[in-house]
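Trainee: Got a structure here, written out as C-alpha cells. Questions coming.
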Amino acid sequence: MTTVTEAEALRDALGLLRDREQVAERLLESSAKHSFDPDKDLDWHAPVEDGKWFWPPELLSLYDTPLWRRMSEEQRMDLARHEAASLASLGIWFEIILMQLLVRHIYDKSLTSSHVRYALTEIADECRHSMMFARMIKKGGAPAYRVPRIYHNLARVLKTVSTTPGSFAATLLGEEILDWMQRLTFPDERIQTIVRGVTRIHVVEEARHVRYAREELRRQMVSAPRWERELTRLSCGEAARVFATCFVNPQVYENVGLDRREAVAQVRASGHRREVMQSGAARLTEFLDDIGVMNGVSRRLWKSSGLLA
C-alpha cells in the first residue's frame, strides 16, 4: 500500500500526486452513493418514441456535409440510430479490453487494498455498462457493429503486452471522447428517453473511472522505467489512430441506403466532423501533453488520427 510519504515523493507537471489509497477510498464512497442498476433503473419496456433521435444530429459523422444536405429527415434519423449502435458496439469492445487490463493491473497488488477493491468495483461497473449498451442496441433495432478484424485481433496483442501506463492511457482514450459526446446527449430532449438514460448512467459512473485512470497514469509516468514510458507514448498514439478509424463503422452508411465510398470520403473531408472529434479529445490531449505522454512520435500519431489539430 502506498503511504502518504511515498505519495508526496512523487510529483509531475501537475503537482504532487495524491495517495493511492486515499483516492481509491474516495472513489469507493462515491460508488456507494452514485451507482446504478440499468436493468432496474431504466424503462426498457417503454416504446421507441416517434420523431426522436437516437443520437444528436450535430454529432453524426455526416452532419453538414453535401451528402447530409441531400438526405431526407427520415434517412438522417435512421443514420442516427445506426451510428448510436456503432458507438455502443465500440464501447462494448473497449470495455471488454479495459476489464482485462484492470484484472492484469491488480493481479500482483495487495488483495485487501482499497486500490484493488476499487478496481474490482470498476470492473463490475463495466460489466453492467456492456450489458446496458447491448440492450440499447437491441432496443433500437440496429445491428451490432464489430470493429474490423485486423483491429479486433490487434487488441488481443494489446491485452497481452500492454504495460501498466499504456493500459491506463488506452483506458482514457476509450472513455473520455465518448464521455464528452454523452454529456451533450443525456440533457438533449430531442433524444430518445432510453438513450438519454443510458448516457446519463454512463457519464456519472465513468467520471470515477476517468479519475482512477488519470491518477494511476500520472503515477506510472513518474515512476515507470524510461523504456516503459517511451512504449506508452508510442502505443497511446497508435491506439488514437485505431480508435479514430473505428469510431463509426462504414457499414452504417450502406445500411441506411448511402454509397459507402462517397460517405467515407465526405466524412474525411468534413471540417465539422474534424472539429467535433478534436473537441471531444481536447481535454484528454491537454492532460496527456501535461504529463509527458504527447511527445515525439506520439504527437505525430495523434495528429495523423485527426484527434489533434
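Please note that chains go A, B, ... in the order of the C-alpha cells, that every chain numbers its residues from 1, and that ligands are numbered from 1 in the order shown.
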Wanna dump the segment 63-146 of chain A-segment 255-271 of chain A contacts at 10 Å for me, each residue with its shortest atom pair and the distance in Å to one decimal, counting only C-alpha atoms, ordered by chain and number, as a tab-separated table?
Mentor:
```
residue	atom	partner	partner_atom	distance
A:Tyr63	CA	A:Ser270	CA	8.5
A:Asp64	CA	A:Ser270	CA	7.9
A:Thr65	CA	A:Ser270	CA	6.5
A:Pro66	CA	A:Gln266	CA	7.7
A:Leu67	CA	A:Ala263	CA	7.2
A:Trp68	CA	A:Ala263	CA	9.2
A:Met71	CA	A:Leu258	CA	9.1
A:Glu74	CA	A:Val256	CA	9.9
A:Gln75	CA	A:Val256	CA	6.6
A:Arg76	CA	A:Val256	CA	8.7
A:Met77	CA	A:Val256	CA	9.6
A:Asp78	CA	A:Val256	CA	6.5
A:Leu79	CA	A:Val256	CA	6.2
A:Ala80	CA	A:Val256	CA	9.8
A:Arg81	CA	A:Val256	CA	9.7
A:His82	CA	A:Asn255	CA	7.9
A:Ala142	CA	A:Asn255	CA	9.2
A:Pro143	CA	A:Asn255	CA	9.5
```
Trainee: Would you write out those residues with N, CA and C atoms, as a PDB file, in the first residue's frame?
Mentor:
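Okay, this is what ended up in part.pdb:
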```
ATOM      1  N   TYR A  63     -22.939  14.973 -40.590  1.00  0.00           N
ATOM      2  CA  TYR A  63     -23.628  16.250 -40.363  1.00  0.00           C
ATOM      3  C   TYR A  63     -22.940  17.385 -41.123  1.00  0.00           C
ATOM      4  N   ASP A  64     -23.742  18.199 -41.801  1.00  0.00           N
ATOM      5  CA  ASP A  64     -23.286  19.393 -42.506  1.00  0.00           C
ATOM      6  C   ASP A  64     -22.382  19.091 -43.711  1.00  0.00           C
ATOM      7  N   THR A  65     -22.466  17.871 -44.234  1.00  0.00           N
ATOM      8  CA  THR A  65     -21.756  17.541 -45.473  1.00  0.00           C
ATOM      9  C   THR A  65     -22.734  17.693 -46.644  1.00  0.00           C
ATOM     10  N   PRO A  66     -22.229  17.749 -47.883  1.00  0.00           N
ATOM     11  CA  PRO A  66     -23.147  17.788 -49.037  1.00  0.00           C
ATOM     12  C   PRO A  66     -24.113  16.606 -49.049  1.00  0.00           C
ATOM     13  N   LEU A  67     -23.632  15.430 -48.651  1.00  0.00           N
ATOM     14  CA  LEU A  67     -24.490  14.250 -48.614  1.00  0.00           C
ATOM     15  C   LEU A  67     -25.597  14.427 -47.582  1.00  0.00           C
ATOM     16  N   TRP A  68     -25.264  14.974 -46.422  1.00  0.00           N
ATOM     17  CA  TRP A  68     -26.250  15.238 -45.370  1.00  0.00           C
ATOM     18  C   TRP A  68     -27.363  16.145 -45.895  1.00  0.00           C
ATOM     19  N   MET A  71     -29.915  14.250 -47.872  1.00  0.00           N
ATOM     20  CA  MET A  71     -30.653  13.194 -47.185  1.00  0.00           C
ATOM     21  C   MET A  71     -31.992  13.708 -46.662  1.00  0.00           C
ATOM     22  N   GLU A  74     -35.987  11.516 -42.530  1.00  0.00           N
ATOM     23  CA  GLU A  74     -36.134  10.117 -42.121  1.00  0.00           C
ATOM     24  C   GLU A  74     -34.806   9.372 -42.247  1.00  0.00           C
ATOM     25  N   GLN A  75     -34.080   9.622 -43.324  1.00  0.00           N
ATOM     26  CA  GLN A  75     -32.796   8.960 -43.531  1.00  0.00           C
ATOM     27  C   GLN A  75     -31.758   9.450 -42.521  1.00  0.00           C
ATOM     28  N   ARG A  76     -31.813  10.736 -42.184  1.00  0.00           N
ATOM     29  CA  ARG A  76     -30.897  11.267 -41.168  1.00  0.00           C
ATOM     30  C   ARG A  76     -31.143  10.609 -39.815  1.00  0.00           C
ATOM     31  N   MET A  77     -32.415  10.450 -39.465  1.00  0.00           N
ATOM     32  CA  MET A  77     -32.736   9.837 -38.179  1.00  0.00           C
ATOM     33  C   MET A  77     -32.361   8.358 -38.166  1.00  0.00           C
ATOM     34  N   ASP A  78     -32.467   7.717 -39.318  1.00  0.00           N
ATOM     35  CA  ASP A  78     -32.054   6.313 -39.411  1.00  0.00           C
ATOM     36  C   ASP A  78     -30.539   6.201 -39.255  1.00  0.00           C
ATOM     37  N   LEU A  79     -29.811   7.159 -39.846  1.00  0.00           N
ATOM     38  CA  LEU A  79     -28.359   7.191 -39.668  1.00  0.00           C
ATOM     39  C   LEU A  79     -28.012   7.337 -38.188  1.00  0.00           C
ATOM     40  N   ALA A  80     -28.748   8.184 -37.474  1.00  0.00           N
ATOM     41  CA  ALA A  80     -28.501   8.371 -36.039  1.00  0.00           C
ATOM     42  C   ALA A  80     -28.701   7.058 -35.282  1.00  0.00           C
ATOM     43  N   ARG A  81     -29.717   6.317 -35.644  1.00  0.00           N
ATOM     44  CA  ARG A  81     -29.990   5.032 -34.985  1.00  0.00           C
ATOM     45  C   ARG A  81     -28.834   4.058 -35.203  1.00  0.00           C
ATOM     46  N   HIS A  82     -28.329   4.002 -36.423  1.00  0.00           N
ATOM     47  CA  HIS A  82     -27.241   3.086 -36.730  1.00  0.00           C
ATOM     48  C   HIS A  82     -25.910   3.562 -36.140  1.00  0.00           C
ATOM     49  N   ALA A 142     -31.104  -1.774 -34.565  1.00  0.00           N
ATOM     50  CA  ALA A 142     -29.964  -1.782 -35.477  1.00  0.00           C
ATOM     51  C   ALA A 142     -29.048  -2.952 -35.117  1.00  0.00           C
ATOM     52  N   PRO A 143     -28.197  -3.372 -36.036  1.00  0.00           N
ATOM     53  CA  PRO A 143     -27.273  -4.472 -35.713  1.00  0.00           C
ATOM     54  C   PRO A 143     -26.125  -4.009 -34.834  1.00  0.00           C
TER      55      PRO A 143
END
```
Trainee: Set the distance at 12 Å and use only C-alpha atoms: which residues neighbour Thr112 of chain A once local chain neighbours fewer than 6 positions away are removed? I'd like the list as a PyMOL selection string.
Mentor: chain A and resi 1+21+106+118-120
Trainee: List every residue of segment 234-280 of chain A that has an atom at most 9 Å from any atom of segment 40-58 of chain A, and for each one report the closest atom pair and its distance in Å to one decimal, counting only C-alpha atoms, with rows sorted by chain and then by increasing residue number, as JSON lines.
Mentor:
```
{"residue": "A:His272", "atom": "CA", "partner": "A:Glu58", "partner_atom": "CA", "distance": 8.8}
{"residue": "A:Arg273", "atom": "CA", "partner": "A:Glu58", "partner_atom": "CA", "distance": 8.9}
{"residue": "A:Val276", "atom": "CA", "partner": "A:Glu58", "partner_atom": "CA", "distance": 8.6}
```
Trainee: Name all residues at most 10 Å from Leu102 of chain A (count only C-alpha atoms; drop same-chain ones fewer than 5 positions away) and give them as number ranges by chain.
Mentor: A: 97, 107, 116, 119-120, 122-123, 164, 167-168, 171
Trainee: Between A:Pro148, A:Gly166, A:Pro250, A:Pro187, which is the closest to Ala213 of chain A once you count only C-alpha atoms?
Mentor: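 Among the listed residues, the smallest separation from Ala213 of chain A belongs to A:Gly166.
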Trainee: Would you mind telling me which residue in A:Glu215, A:Glu230, A:Asp108, A:Asp39 lies nearest to Ile194 of chain A when using only C-alpha atoms?
Mentor: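 Between A:Glu215, A:Glu230, A:Asp108, A:Asp39, the residue approaching Ile194 of chain A most closely is A:Asp39.
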Trainee: Tell me, counting only C-alpha atoms, for each residue of segment 186-287 of chain A within 7 Å of segment 175-178 of chain A, which pair of atoms is nearest and how far apart they are in Å to one decimal, in rows ordered by chain and increasing number, as a Markdown table.
Mentor:
```
| residue | atom | partner | partner_atom | distance |
| --- | --- | --- | --- | --- |
| A:Gly280 | CA | A:Ile177 | CA | 4.7 |
| A:Ala281 | CA | A:Ile177 | CA | 5.3 |
| A:Leu284 | CA | A:Glu176 | CA | 6.7 |
```
Trainee: Could you please take those selected residues and save N, CA, C and O atoms as an mmCIF file, in the first residue's frame?
Mentor:
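What landed in part10.cif:
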```
data_model
loop_
_atom_site.group_PDB
_atom_site.id
_atom_site.type_symbol
_atom_site.label_atom_id
_atom_site.label_comp_id
_atom_site.auth_asym_id
_atom_site.auth_seq_id
_atom_site.Cartn_x
_atom_site.Cartn_y
_atom_site.Cartn_z
ATOM 1 N N GLY A 280 -13.902 16.708 -28.743
ATOM 2 C CA GLY A 280 -14.101 15.596 -27.834
ATOM 3 C C GLY A 280 -12.819 15.115 -27.193
ATOM 4 O O GLY A 280 -12.808 14.649 -26.051
ATOM 5 N N ALA A 281 -11.709 15.237 -27.924
ATOM 6 C CA ALA A 281 -10.415 14.759 -27.423
ATOM 7 C C ALA A 281 -9.610 15.838 -26.711
ATOM 8 O O ALA A 281 -8.572 15.530 -26.116
ATOM 9 N N LEU A 284 -8.531 15.449 -23.019
ATOM 10 C CA LEU A 284 -7.603 14.334 -22.868
ATOM 11 C C LEU A 284 -6.223 14.682 -23.415
ATOM 12 O O LEU A 284 -5.207 14.417 -22.759
#
```
Trainee: Got a sec: who's within 7 Å of segment 202-210 of chain A, counting only C-alpha atoms, leaving out chain neighbours fewer than 6 positions off, as a PyMOL selection string?
Mentor: chain A and resi 27+35+122+172+179+182-183
Trainee: For the residues in that selection, give me N, CA, C and O atoms as a PDB file, in the first residue's frame.
Mentor:
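For reference, part25.pdb as written:
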```
ATOM      1  N   LEU A  27     -13.228   7.222  -4.150  1.00  0.00           N
ATOM      2  CA  LEU A  27     -13.971   6.683  -5.281  1.00  0.00           C
ATOM      3  C   LEU A  27     -14.933   5.585  -4.836  1.00  0.00           C
ATOM      4  O   LEU A  27     -16.039   5.464  -5.375  1.00  0.00           O
ATOM      5  N   SER A  35     -24.256   4.778  -7.806  1.00  0.00           N
ATOM      6  CA  SER A  35     -24.175   3.668  -8.742  1.00  0.00           C
ATOM      7  C   SER A  35     -25.581   3.250  -9.156  1.00  0.00           C
ATOM      8  O   SER A  35     -26.556   3.500  -8.440  1.00  0.00           O
ATOM      9  N   GLU A 122     -14.887  -1.068 -10.318  1.00  0.00           N
ATOM     10  CA  GLU A 122     -14.954  -0.538 -11.683  1.00  0.00           C
ATOM     11  C   GLU A 122     -15.237  -1.645 -12.689  1.00  0.00           C
ATOM     12  O   GLU A 122     -16.001  -1.455 -13.640  1.00  0.00           O
ATOM     13  N   LEU A 172      -8.192   5.856 -20.927  1.00  0.00           N
ATOM     14  CA  LEU A 172      -8.658   7.230 -21.049  1.00  0.00           C
ATOM     15  C   LEU A 172      -9.095   7.551 -22.470  1.00  0.00           C
ATOM     16  O   LEU A 172     -10.093   8.256 -22.679  1.00  0.00           O
ATOM     17  N   ASP A 179     -17.347  10.072 -23.510  1.00  0.00           N
ATOM     18  CA  ASP A 179     -17.924  10.779 -22.368  1.00  0.00           C
ATOM     19  C   ASP A 179     -18.312  12.199 -22.761  1.00  0.00           C
ATOM     20  O   ASP A 179     -19.393  12.688 -22.388  1.00  0.00           O
ATOM     21  N   GLN A 182     -21.462  12.015 -24.731  1.00  0.00           N
ATOM     22  CA  GLN A 182     -22.617  11.622 -23.914  1.00  0.00           C
ATOM     23  C   GLN A 182     -23.078  12.750 -22.999  1.00  0.00           C
ATOM     24  O   GLN A 182     -24.267  12.855 -22.684  1.00  0.00           O
ATOM     25  N   ARG A 183     -22.159  13.605 -22.580  1.00  0.00           N
ATOM     26  CA  ARG A 183     -22.546  14.764 -21.771  1.00  0.00           C
ATOM     27  C   ARG A 183     -23.413  15.748 -22.566  1.00  0.00           C
ATOM     28  O   ARG A 183     -24.188  16.506 -21.987  1.00  0.00           O
TER      29      ARG A 183
END
```
